[in-house]
Amino acid sequence: MSVPIFEEAAGYHCLTRISPQTTDLALYSCGTQKCPPGHSFGPAARPEYHLHVVMDGTGCFQVHGQTWHLKRGSLFLCPPNTEVYYCASTDDPWYYAWISFHGTKAESILNFAGFDSEHLIRSCNIPPES
């Protein structure tokens with residue numbers, strides 16, 4: 001059994017290499033990142049699902065030849081083994097939280113939540129901070 005690793009840097013906090021407790025749905029990593037202007041990931045693919053929620057700021061997400069411009073309250077899903085690219089805006093870089101996971105029931109749970117290969121973007125309500 002591997003020991004989870006906590007990584008931390010300026011604006012970046014991540015818990016990774018979490019040992020699965022089940023094969024149905026297993027958390028692989030989770031964290032938050034306040035991205036510097038223009039910070040990007042990809043184009044690249046990972047073996048797990050990665051679900052991001054934009055907490056503040058803006059950025060873009062590209063997959064399957066499509067580009068979305070996202071803002072606070074947007075969720076975007078990076079499917080496993082699918083090449084994606086995402087980038088924080090240079091004017092108002094995003095701050096996001098993410099979870100990455102895998103498992104035999106991951107796809108059906110995501111489908112129930114409204115995600116599939118054609119619908120990788122959703123909205124959620126993030127209440128204003130008190």
# chains A, B, ... in the order shown; residues from 1 in each chain; ligands from 1
>>> residues_around(residues="region 68-80 of chain A", least_positions_apart="5", cutoff="9 Å", atoms="only C-alpha atoms", output="PyMOL selection string")
chain A and resi 45-63+94-96+102+115-117+119-126
>>> select_by_dssp(residues="chain A", states="alpha helix (DSSP H)", output="list in words")
Ala106, Glu107, Ser108, Ile109, Leu110, Asn111 and Phe112 of chain A
>>> atom_distance(atom1="CA of Asp91 (chain A)", atom2="CA of Cys35 (chain A)")
11.5 Å
>>> closest_residue(among="A:Pro37, A:Cys87, A:Asp24, A:Thr104", to="Thr67 (chain A)", atoms="only C-alpha atoms")
A:Cys87
>>> closest_atom_pairs(of="region 40-108 of chain A", to="region 28-33 of chain A", cutoff="6 Å", atoms="only C-alpha atoms", output="Markdown table")
| residue | atom | partner | partner_atom | distance |
| --- | --- | --- | --- | --- |
| A:Tyr95 | CA | A:Gln33 | CA | 5.6 |
| A:Tyr96 | CA | A:Gln33 | CA | 5.6 |
| A:Ala97 | CA | A:Thr32 | CA | 4.1 |
| A:Trp98 | CA | A:Cys30 | CA | 5.4 |
| A:Ile99 | CA | A:Cys30 | CA | 4.2 |
| A:Ser100 | CA | A:Ser29 | CA | 5.1 |
| A:Phe101 | CA | A:Tyr28 | CA | 4.9 |
>>> select_by_dssp(residues="region 68-112 of chain A", states="strand (DSSP E or B)", output="PyMOL selection string")
chain A and resi 68-71+74-78+84-88+93+95-102
>>> decode(residues="region 55-87 of chain A", atoms="C-alpha atoms", output="PDB file, in the first residue's frame")
ATOM      1  CA  MET A  55     -13.606  28.828  -7.999  1.00  0.00           C
ATOM      2  CA  ASP A  56     -12.551  32.225  -9.368  1.00  0.00           C
ATOM      3  CA  GLY A  57     -11.035  33.810 -12.475  1.00  0.00           C
ATOM      4  CA  THR A  58     -11.173  32.606 -16.068  1.00  0.00           C
ATOM      5  CA  GLY A  59      -9.437  30.266 -18.479  1.00  0.00           C
ATOM      6  CA  CYS A  60      -9.957  28.005 -21.469  1.00  0.00           C
ATOM      7  CA  PHE A  61     -10.404  24.261 -21.922  1.00  0.00           C
ATOM      8  CA  GLN A  62      -9.809  22.395 -25.193  1.00  0.00           C
ATOM      9  CA  VAL A  63     -10.699  18.832 -26.107  1.00  0.00           C
ATOM     10  CA  HIS A  64     -11.850  17.072 -29.317  1.00  0.00           C
ATOM     11  CA  GLY A  65     -11.101  20.231 -31.356  1.00  0.00           C
ATOM     12  CA  GLN A  66     -13.479  22.375 -29.280  1.00  0.00           C
ATOM     13  CA  THR A  67     -12.583  25.311 -27.023  1.00  0.00           C
ATOM     14  CA  TRP A  68     -14.595  26.626 -24.079  1.00  0.00           C
ATOM     15  CA  HIS A  69     -13.924  29.869 -22.211  1.00  0.00           C
ATOM     16  CA  LEU A  70     -14.736  29.155 -18.584  1.00  0.00           C
ATOM     17  CA  LYS A  71     -15.290  31.255 -15.477  1.00  0.00           C
ATOM     18  CA  ARG A  72     -16.241  30.959 -11.814  1.00  0.00           C
ATOM     19  CA  GLY A  73     -18.817  28.215 -11.361  1.00  0.00           C
ATOM     20  CA  SER A  74     -17.745  26.155 -14.397  1.00  0.00           C
ATOM     21  CA  LEU A  75     -16.916  22.471 -14.069  1.00  0.00           C
ATOM     22  CA  PHE A  76     -14.816  20.731 -16.691  1.00  0.00           C
ATOM     23  CA  LEU A  77     -14.057  17.044 -17.017  1.00  0.00           C
ATOM     24  CA  CYS A  78     -10.886  15.580 -18.498  1.00  0.00           C
ATOM     25  CA  PRO A  79     -11.719  11.976 -19.450  1.00  0.00           C
ATOM     26  CA  PRO A  80      -9.053   9.298 -19.073  1.00  0.00           C
ATOM     27  CA  ASN A  81      -6.669   8.712 -21.981  1.00  0.00           C
ATOM     28  CA  THR A  82      -8.047  11.784 -23.793  1.00  0.00           C
ATOM     29  CA  GLU A  83      -5.760  14.582 -24.920  1.00  0.00           C
ATOM     30  CA  VAL A  84      -6.788  17.893 -23.324  1.00  0.00           C
ATOM     31  CA  TYR A  85      -5.356  21.363 -22.962  1.00  0.00           C
ATOM     32  CA  TYR A  86      -6.335  24.013 -20.447  1.00  0.00           C
ATOM     33  CA  CYS A  87      -4.916  27.421 -19.715  1.00  0.00           C
TER      34      CYS A  87
END
